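Accompanying notes for the structure given below.
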Amino acid sequence: MLKNLKILGLCAVLLVSACKTDRDTTSEGTQAKGGVYYGGVFRYNEVENYKSFFPLFCTLAPGWRIADQVYEGLVDLDQVHLTIKNELAERYEYDEARKTYTFHLKEGVNFHDDVCFDGGKGREMTAKDFKYCFDMLCTADVLNQGFLYSFKDKVAGANEYYASTEAGTPLEGGVSGIKVIDDYTLEIELNYEFGDFLNILTMSYCWVWPKEAYDMYGGAGMREKAVGTGPFKLKSVKDGESVILVRNDSYWGVDEYGNSLPYLDAIQVSFIPAKETELLEFRKGNLDLVYNLPNEYVNQILDKFSDAKDNEVGVHLQIHPALTVEFYSFQHMHPIEVFHDKRVRQAFNYAIDKDKIVDFTLQGDGIPAHNGIVPSSFLQYNHKSLQGYSFDAEKAQSLMAEAGYGKGGKTFPNITIDINSGGQDHVKVAQVIQQMLTDNLGINVDVHVMPRAQQIEDYISGKSLFFRDHWEADYPSPENFLILLYGKLVPETMDEVSYTNRSRYVSAAFDSLYEMAIHELDQKKRFDLYLQADQVAIDDAAILPIYYGENYRLLQQKVSNFDANPMEERDFSQVYFDPNIGTK
Amino acid sequence: MTEFILRRIFNGFWVMLGVTTVVFYLFNVLPGDPARMVLGKHADANLIKMINKDLGRDQPLVTQYFMYLNDLSPISIHETEDTDHYLYLSAEKYEYTKLFSVVGTKTIVFKYPYMRRSYITKKKVSVIIAEKMPKTAILAMSSMAVASFFGILLGIVMAMKKDSFVDKSILVISVLCMSLPSFLAGLIIAYLFGYLLTDYTGLDMQGSLYEIDPFNGEVLALQNLILPTLTLGMRPLAVVVQLTRNSMLEVLSMDYIRTASAKGLSRYNVVMKHALKNALNPVITTISGWLASLMAGAIFVEFIFNWKGMGLEIVQALEKMDFPIVIGATLSFTLIFVIVNILVDITYGILDPRIRIK
């Protein structure tokens with residue numbers, strides 16, 4: 001209150017122009033072994049505010065990308081290849097059936113100092129902390145949104161414990177499949193062999209945090225308090241304005257030369273909602289990174305920066321396929337039965353010129369999706385071997401004729417594309433699709449733009465016949481995409497909502513291949529099975545994929561060791577500023 | 001006088017209740033389930049049911065309405081034992097003092113109005129308002145200060161130089177300022193001074209009152225206040241200019257001014273000491289009435305300049321269907337209006353006894 005009064009008092013002197021402070025007060029550019037440099041503040045912007053840093057409620061990317069620097073899990077994804085690397089686990093092993101995992105934890109890893117601990121000093125993290133956090137992950141609570149896609153069905157005793165907490169009588173001993181062997185050994189038992197289990201453990205829900213913090217701040221309070229073991233500590237949060245992370249001086253990590261990590265002194269995140277302003281700030285050198293560049297700016301920016309003289313600010317442009325897919329779904333069980341016929345769905349797939357959409361509508365921002373729901377960015381996934389649909393208007397027309405529509409046959413009913421408002425590209429793409437369907441199949445299509453909440457409501461309840469959909473991977477596995485077509489997730493009646501499999505596509509062949517795949521432990525075989533399942537769905541024209549995402553990222557030239565990857569997984573502990581290049 | 005004040009407060013109460021009712025129903029009959037908005041792609045039936053129960057949305061709308069009123073009311077009834085009950089007196093929700101128990105486990109408490117939590121972030125709406133409202137107030141007040149100061153000054157100049165070139169040019173500019181909508185003016189001003197001329201003005205297109213330095217903490221950045229103040233203050237400035245001019249001209253033509261001049265007083269003394277005081281009466285009335293509406297009018301301006309006040313918060317909450325914030329903010333603005341109006345009425349009442357009797 002006193003502060004607010006102070007602010008009000010300052011009104012009187014508003015006409016006095018204030019001075020700007022010198023931003024960099026740190027020792028940017030102290031050289032260490034191996035030619036790396038310590039120091040500096042990394043600045044980037046998020047156009048949306050963060051939702052929460054509380055690991056179980058941290059479902060949106062802006063918050064997750066920040067909290068990921070503060071919290072750590074047993075394992076994490078490698079920034080370059082998105083393969084599994086150890087984090088707080090020193091090593092792990094599993095039994096032959098791969099149903100019991102034993103994790104040996106690093107010793108001497110401390111939580112960040114925080115008032116929630118006795119004396120404000122962070123204590124050592126042990127296996128008991130993981131047990132506590134994993135039990136919390138399996139606890140029914142409005143602030144726990146992680147259970148469904150993580151431990152549910154997979155970890156032994158997880159469902160039982162969840163049910164018991166829902167009933168208000170939590171089982172003694174927590175989740176039976178999660179056991180503390182000693183302070184540095186944790187055992188997790190699965191219900192069945194699940195090849196992607198380690199990927200699950202990389203998600204934010206599986207980060208470790210101290211019980212003391214939860215007891216003091218509660219789940220809602222941990223929205224803006226984060227106590228972890230990571231390379232950066234949360235220093236200050238100004239809601240919707242800025243988040244500052246500072247170096248954790250006692251971080252356990254060291255680089256290959258023996259330098260202690262991280263190199264950066266701090267990370268500052270701002271929240272400017274307008275992309276144009278963000279770019280302007282980047283050009284002024286006030287930001288070190290811009291990602292998710294809108295396509296309309298990409299060319300413009302490239303031109304501007306290529307005009308820059310050698311001694312001016314230079315930039316890196318990183319282009320990387322993203323683990324996202326933009327697609328249109330048919331409602332397979334809709335009372336209007338047009339899409340029950342496979343030939344009609346195939347005709348739709350042939351009638352859309354995806355190359356044209358990417359080249360002209362999106363101005364090259366994206367990869368045309370000629371195949372199925374799984375994007376082409378998985379290294380070991382032989383995407384090229386799939387047989388998808390390329391644009392072929394004649395074939396589309398003949399398939400429609402075969403299905404009995406067109407001249408001399410039935411009239412195809414007028415259909416509506418349901419899309420959500422927001423994001424200019426979606427509307428533009430929908431209009432192009434509308435035009436292509438009309439031109440190539442001679443059918444009448446309307447575009448219905450509605451608020452996002454309404455659109456979701458309509459498609460999960462099966463009311464939408466034909467709608468826009470989009471998926472972003474939670475973890476890097478084809479399984480995370482194929483699950484959207486898994487028939488066993490479709491409710492029996494149309495009265496029930498279908499959350500995951502929104503198109504209500506059911507195929508016995510797909511389901512059995514999908515199940516075989518998730519139980520397969522050998523990665524190559526597993527990916528082969530995923531490919532086969534993918535092909536089944538493609539042959540059935542289960543959905544109408546439009547394009548796979550692509551990320552454009554701009555970095556100031558001095559930013560080193562910051563690789564782009566399809567998940568925008570960022571490991572700031574390895575990033576440093578090279579003072580010899582690209583400074584103003 | 002006491003009766004007059006009480007009547008005004010009582011009327012204010014009905015206005016608040018009316019607005020609460022309209023706003024509550026308006027946002028609760030809109031399609032779309034907030035629980036799904038909260039969960040995004042990670043939804044399942046169970047979780048949705050749990051969230052809706054937590055929000056009290058499993059009850060009929062009328063019950064929800066009364067529960068909301070109960071939450072808002074400083075004196076309210078609560079359940080003390082059944083933790084599953086929506087009205088359960090939980091310390092996480094309410095800051096209260098128990099007054100007395102009524103039937104069974106129910107109790108009457110005195111508390112801070114509870115405006116619920118944001119659907120999306122679970123942060124208390126009252127905390128959000130406490131964080132953001134002062135910034136909007138600063139913007140509104142600084143705009144008003146600029147508008148009053150320059151408005152009165154220019155108004156006097158115009159009245160003194162009636163029908164001259166200066167008078168006419170200011171008149172044209174003020175008409176332009178008055179008719180330019182703030183969202184357009186904001187864009188033009190931001191582009192012109194914050195982008196094209198940024199090298200000369202040193203101003204940014206957007207910015208907050210405080211800039212945050214990773215090591216030194218918050219640094220006051222008053223320069224960021226200039227452009228939004230200009231945008232928001234433009235219209236009241238134009239109004240004040242014209243009002244002062246006309247009022248001044250009227251007063252200057254009065255007999256007592258002629259008498260003052262005839263007494264041999266200097267032009268300065270006549271204008272500043274005799275004319276101005278009387279001419280300012282209608283101006284001050286307008287300014288006081290305008291302050292509250294400026295706060296509400298700040299929404300567009302905040303959005304354009306990324307000024308982290310209540311207006312920007314409302315726009316962002318609307319996009320996400322985060323209705324507790326929207327409702328809470330609307331009610332806060334209403335409360336400000338009501339209070340300002342009561343104060344204005346009381347001032348009138350003191351100045352002019354005839355109003356009290358009416």
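By order in the structure tokens, chains are A, B, ...; within a chain, residues start at 1; ligands start at 1, following the order shown.
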message: Neighbouring residues of Tyr112 of chain B were defined as those with any atom within 7 Å, considering only C-alpha atoms; residues of the same chain fewer than 3 positions away were excluded. Please report them as a PyMOL selection string.
response: chain B and resi 74+95-96
message: Using only C-alpha atoms and a cut-off of 7 Å, which residues of chain B sit close to chain A? Please list them as an MDAnalysis selection string.
response: chainID B and resid 31:33 37 42:44 50:51 120:123 134 138 142 213:214 221:223 306
query: Residues at most 9 Å from segment 272-278 of chain B, counting only C-alpha atoms, excluding those fewer than 6 positions away in the same chain, as an MDAnalysis selection string?
result: chainID B and resid 156 244 247:248 251:252 256:257 260
Just to be explicit: take each residue in the selection above, keep all heavy atoms, and write the result as a CSV table (one decimal), in the first residue's frame.
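Everything below was put into selection_5.csv:
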```
chain,number,residue,atom,x,y,z
B,156,ILE,N,-7.0,30.2,-21.2
B,156,ILE,CA,-6.8,31.6,-20.8
B,156,ILE,C,-6.2,32.4,-22.0
B,156,ILE,O,-6.7,33.5,-22.4
B,156,ILE,CB,-6.0,31.8,-19.6
B,156,ILE,CG1,-6.6,31.1,-18.4
B,156,ILE,CG2,-5.7,33.2,-19.3
B,156,ILE,CD1,-5.8,31.0,-17.1
B,244,THR,N,-12.7,26.4,-20.7
B,244,THR,CA,-12.0,27.5,-20.0
B,244,THR,C,-12.2,28.7,-20.9
B,244,THR,O,-12.5,29.8,-20.3
B,244,THR,CB,-10.5,27.2,-19.8
B,244,THR,OG1,-10.4,25.9,-19.3
B,244,THR,CG2,-9.9,28.2,-18.8
B,247,SER,N,-15.9,30.0,-20.8
B,247,SER,CA,-16.2,30.4,-19.4
B,247,SER,C,-15.5,31.7,-19.1
B,247,SER,O,-16.1,32.7,-18.5
B,247,SER,CB,-15.9,29.3,-18.4
B,247,SER,OG,-15.8,29.8,-17.2
B,248,MET,N,-14.2,31.8,-19.5
B,248,MET,CA,-13.4,33.0,-19.3
B,248,MET,C,-14.0,34.2,-20.0
B,248,MET,O,-14.1,35.3,-19.5
B,248,MET,CB,-12.0,32.6,-19.8
B,248,MET,CG,-10.9,33.5,-19.3
B,248,MET,SD,-10.7,33.2,-17.5
B,248,MET,CE,-9.6,34.5,-17.2
B,251,VAL,N,-17.0,35.4,-18.2
B,251,VAL,CA,-16.7,36.2,-17.0
B,251,VAL,C,-16.1,37.5,-17.3
B,251,VAL,O,-16.4,38.5,-16.7
B,251,VAL,CB,-15.8,35.3,-16.1
B,251,VAL,CG1,-15.3,36.2,-14.9
B,251,VAL,CG2,-16.5,34.1,-15.6
B,252,LEU,N,-15.2,37.5,-18.3
B,252,LEU,CA,-14.5,38.8,-18.7
B,252,LEU,C,-15.5,39.9,-19.2
B,252,LEU,O,-15.2,41.0,-19.1
B,252,LEU,CB,-13.5,38.5,-19.8
B,252,LEU,CG,-12.2,37.8,-19.3
B,252,LEU,CD1,-11.2,37.6,-20.4
B,252,LEU,CD2,-11.5,38.7,-18.3
B,256,TYR,N,-18.3,43.4,-13.1
B,256,TYR,CA,-17.3,43.6,-12.0
B,256,TYR,C,-15.9,43.5,-12.6
B,256,TYR,O,-15.0,44.1,-12.0
B,256,TYR,CB,-17.6,42.5,-10.9
B,256,TYR,CG,-17.0,41.1,-11.2
B,256,TYR,CD1,-15.7,40.8,-10.7
B,256,TYR,CD2,-17.7,40.2,-11.9
B,256,TYR,CE1,-15.2,39.5,-10.9
B,256,TYR,CE2,-17.2,39.0,-12.2
B,256,TYR,CZ,-15.9,38.6,-11.7
B,256,TYR,OH,-15.4,37.4,-11.9
B,257,ILE,N,-15.7,42.9,-13.7
B,257,ILE,CA,-14.4,42.9,-14.3
B,257,ILE,C,-14.1,44.3,-14.9
B,257,ILE,O,-13.0,44.8,-14.7
B,257,ILE,CB,-14.3,41.9,-15.5
B,257,ILE,CG1,-14.5,40.4,-15.0
B,257,ILE,CG2,-13.0,42.0,-16.3
B,257,ILE,CD1,-13.4,39.9,-14.1
B,260,ALA,N,-13.2,46.3,-12.0
B,260,ALA,CA,-11.8,46.1,-11.6
B,260,ALA,C,-10.8,46.8,-12.5
B,260,ALA,O,-9.9,47.4,-12.0
B,260,ALA,CB,-11.6,44.6,-11.6
```
message: Which residues are near Ile419 of chain A? Cut-off 7 Å, only C-alpha atoms, ignore same chain within fewer than 2 positions. Put them as a PyMOL selection string.
response: chain A and resi 417+421+448-450+455+467-468
Give me, as JSON lines, the closest atom pair and its distance (Å, one decimal) for every residue of segment 22-61 of chain B within a cut-off of 9 Å of segment 311-326 of chain B, counting only C-alpha atoms, rows sorted by chain and rising number.
```
{"residue": "B:Val23", "atom": "CA", "partner": "B:Val326", "partner_atom": "CA", "distance": 8.9}
{"residue": "B:Phe24", "atom": "CA", "partner": "B:Phe323", "partner_atom": "CA", "distance": 8.9}
{"residue": "B:Phe27", "atom": "CA", "partner": "B:Phe323", "partner_atom": "CA", "distance": 6.6}
{"residue": "B:Asn28", "atom": "CA", "partner": "B:Phe323", "partner_atom": "CA", "distance": 8.4}
{"residue": "B:Gly32", "atom": "CA", "partner": "B:Met321", "partner_atom": "CA", "distance": 8.6}
{"residue": "B:Pro34", "atom": "CA", "partner": "B:Met321", "partner_atom": "CA", "distance": 6.8}
{"residue": "B:Met37", "atom": "CA", "partner": "B:Lys320", "partner_atom": "CA", "distance": 7.3}
{"residue": "B:Val38", "atom": "CA", "partner": "B:Lys320", "partner_atom": "CA", "distance": 8.9}
```
Which residues are near Thr286 of chain B? Cut-off 10 Å, only C-alpha atoms, ignore same chain within fewer than 4 positions. Put them as a PDB file with all heavy atoms, in the first residue's frame.
```pdb
ATOM      1  N   PRO B 236      -9.636  15.117 -22.910  1.00  0.00           N
ATOM      2  CA  PRO B 236      -9.980  16.051 -21.834  1.00  0.00           C
ATOM      3  C   PRO B 236      -9.279  17.395 -22.012  1.00  0.00           C
ATOM      4  O   PRO B 236      -9.870  18.436 -21.722  1.00  0.00           O
ATOM      5  CB  PRO B 236      -9.498  15.345 -20.558  1.00  0.00           C
ATOM      6  CG  PRO B 236      -8.829  14.110 -20.975  1.00  0.00           C
ATOM      7  CD  PRO B 236      -9.140  13.848 -22.392  1.00  0.00           C
ATOM      8  N   VAL B 239     -11.272  19.427 -24.311  1.00  0.00           N
ATOM      9  CA  VAL B 239     -12.511  19.882 -23.680  1.00  0.00           C
ATOM     10  C   VAL B 239     -12.231  21.014 -22.697  1.00  0.00           C
ATOM     11  O   VAL B 239     -12.918  22.039 -22.699  1.00  0.00           O
ATOM     12  CB  VAL B 239     -13.196  18.695 -22.958  1.00  0.00           C
ATOM     13  CG1 VAL B 239     -14.380  19.177 -22.155  1.00  0.00           C
ATOM     14  CG2 VAL B 239     -13.627  17.653 -23.969  1.00  0.00           C
ATOM     15  N   VAL B 240     -11.191  20.818 -21.879  1.00  0.00           N
ATOM     16  CA  VAL B 240     -10.868  21.824 -20.870  1.00  0.00           C
ATOM     17  C   VAL B 240     -10.485  23.149 -21.545  1.00  0.00           C
ATOM     18  O   VAL B 240     -10.892  24.217 -21.099  1.00  0.00           O
ATOM     19  CB  VAL B 240      -9.736  21.315 -19.938  1.00  0.00           C
ATOM     20  CG1 VAL B 240      -9.253  22.432 -19.023  1.00  0.00           C
ATOM     21  CG2 VAL B 240     -10.217  20.142 -19.114  1.00  0.00           C
ATOM     22  N   LEU B 243     -13.688  24.763 -22.746  1.00  0.00           N
ATOM     23  CA  LEU B 243     -14.531  25.143 -21.616  1.00  0.00           C
ATOM     24  C   LEU B 243     -13.965  26.381 -20.922  1.00  0.00           C
ATOM     25  O   LEU B 243     -14.703  27.328 -20.612  1.00  0.00           O
ATOM     26  CB  LEU B 243     -14.573  23.962 -20.637  1.00  0.00           C
ATOM     27  CG  LEU B 243     -15.830  23.811 -19.823  1.00  0.00           C
ATOM     28  CD1 LEU B 243     -16.995  23.465 -20.732  1.00  0.00           C
ATOM     29  CD2 LEU B 243     -15.632  22.694 -18.801  1.00  0.00           C
ATOM     30  N   LEU B 280     -13.305  29.194 -13.407  1.00  0.00           N
ATOM     31  CA  LEU B 280     -12.878  27.808 -13.247  1.00  0.00           C
ATOM     32  C   LEU B 280     -13.950  26.875 -12.702  1.00  0.00           C
ATOM     33  O   LEU B 280     -13.818  25.656 -12.799  1.00  0.00           O
ATOM     34  CB  LEU B 280     -11.650  27.744 -12.343  1.00  0.00           C
ATOM     35  CG  LEU B 280     -10.318  28.041 -13.043  1.00  0.00           C
ATOM     36  CD1 LEU B 280      -9.171  27.728 -12.116  1.00  0.00           C
ATOM     37  CD2 LEU B 280     -10.186  27.256 -14.333  1.00  0.00           C
ATOM     38  N   ASN B 281     -15.009  27.439 -12.105  1.00  0.00           N
ATOM     39  CA  ASN B 281     -16.019  26.575 -11.502  1.00  0.00           C
ATOM     40  C   ASN B 281     -16.518  25.453 -12.410  1.00  0.00           C
ATOM     41  O   ASN B 281     -16.423  24.279 -12.050  1.00  0.00           O
ATOM     42  CB  ASN B 281     -17.191  27.425 -11.024  1.00  0.00           C
ATOM     43  CG  ASN B 281     -17.029  27.742  -9.552  1.00  0.00           C
ATOM     44  OD1 ASN B 281     -16.235  27.085  -8.874  1.00  0.00           O
ATOM     45  ND2 ASN B 281     -17.748  28.741  -9.068  1.00  0.00           N
ATOM     46  N   PRO B 282     -17.028  25.776 -13.590  1.00  0.00           N
ATOM     47  CA  PRO B 282     -17.507  24.690 -14.456  1.00  0.00           C
ATOM     48  C   PRO B 282     -16.378  23.757 -14.890  1.00  0.00           C
ATOM     49  O   PRO B 282     -16.583  22.557 -15.073  1.00  0.00           O
ATOM     50  CB  PRO B 282     -18.101  25.427 -15.663  1.00  0.00           C
ATOM     51  CG  PRO B 282     -17.542  26.803 -15.615  1.00  0.00           C
ATOM     52  CD  PRO B 282     -17.254  27.104 -14.196  1.00  0.00           C
ATOM     53  N   TRP B 290     -14.666  13.667 -14.852  1.00  0.00           N
ATOM     54  CA  TRP B 290     -14.002  12.956 -15.932  1.00  0.00           C
ATOM     55  C   TRP B 290     -12.987  11.913 -15.451  1.00  0.00           C
ATOM     56  O   TRP B 290     -12.663  10.953 -16.123  1.00  0.00           O
ATOM     57  CB  TRP B 290     -13.293  13.969 -16.843  1.00  0.00           C
ATOM     58  CG  TRP B 290     -13.180  13.485 -18.247  1.00  0.00           C
ATOM     59  CD1 TRP B 290     -12.739  12.258 -18.649  1.00  0.00           C
ATOM     60  CD2 TRP B 290     -13.532  14.180 -19.439  1.00  0.00           C
ATOM     61  NE1 TRP B 290     -12.776  12.152 -19.997  1.00  0.00           N
ATOM     62  CE2 TRP B 290     -13.266  13.325 -20.512  1.00  0.00           C
ATOM     63  CE3 TRP B 290     -14.045  15.461 -19.685  1.00  0.00           C
ATOM     64  CZ2 TRP B 290     -13.491  13.692 -21.832  1.00  0.00           C
ATOM     65  CZ3 TRP B 290     -14.256  15.814 -21.007  1.00  0.00           C
ATOM     66  CH2 TRP B 290     -13.988  14.941 -22.059  1.00  0.00           C
ATOM     67  N   LEU B 291     -12.468  12.119 -14.278  1.00  0.00           N
ATOM     68  CA  LEU B 291     -11.377  11.270 -13.807  1.00  0.00           C
ATOM     69  C   LEU B 291     -11.750   9.788 -13.820  1.00  0.00           C
ATOM     70  O   LEU B 291     -11.006   8.937 -14.300  1.00  0.00           O
ATOM     71  CB  LEU B 291     -10.957  11.707 -12.406  1.00  0.00           C
ATOM     72  CG  LEU B 291      -9.693  11.029 -11.905  1.00  0.00           C
ATOM     73  CD1 LEU B 291      -8.501  11.438 -12.755  1.00  0.00           C
ATOM     74  CD2 LEU B 291      -9.425  11.375 -10.456  1.00  0.00           C
TER      75      LEU B 291
END
```
task: Considering only C-alpha atoms, return as JSON, numbers by chain whatever protein or nucleic-acid residues lie within 12 Å of Leu26 of chain B, sequence-local ones (same chain, fewer than 6 positions apart) excluded.
output: {"B": [19, 20, 61, 65, 323, 326, 327]}
- request: Extract, using only C-alpha atoms, all DNA, RNA and protein residues at most 8 Å from Phe150 of chain B, discarding same-chain residues fewer than 4 positions from it, and format them as a ChimeraX atom specification.
  value: /B:146,154,237,241
Hey, can you spit out that residue selection with N, CA and C atoms as an mmCIF file, in the first residue's frame?
```cif
data_model
loop_
_atom_site.group_PDB
_atom_site.id
_atom_site.type_symbol
_atom_site.label_atom_id
_atom_site.label_comp_id
_atom_site.auth_asym_id
_atom_site.auth_seq_id
_atom_site.Cartn_x
_atom_site.Cartn_y
_atom_site.Cartn_z
ATOM 1 N N VAL B 146 -2.181 16.765 -16.763
ATOM 2 C CA VAL B 146 -1.692 17.430 -17.975
ATOM 3 C C VAL B 146 -2.833 18.186 -18.641
ATOM 4 N N LEU B 154 -3.989 27.198 -21.852
ATOM 5 C CA LEU B 154 -4.297 27.527 -23.240
ATOM 6 C C LEU B 154 -5.657 28.212 -23.338
ATOM 7 N N LEU B 237 -8.054 17.376 -22.541
ATOM 8 C CA LEU B 237 -7.329 18.631 -22.773
ATOM 9 C C LEU B 237 -8.141 19.539 -23.696
ATOM 10 N N VAL B 241 -9.734 23.068 -22.625
ATOM 11 C CA VAL B 241 -9.338 24.276 -23.349
ATOM 12 C C VAL B 241 -10.579 25.071 -23.742
#
```
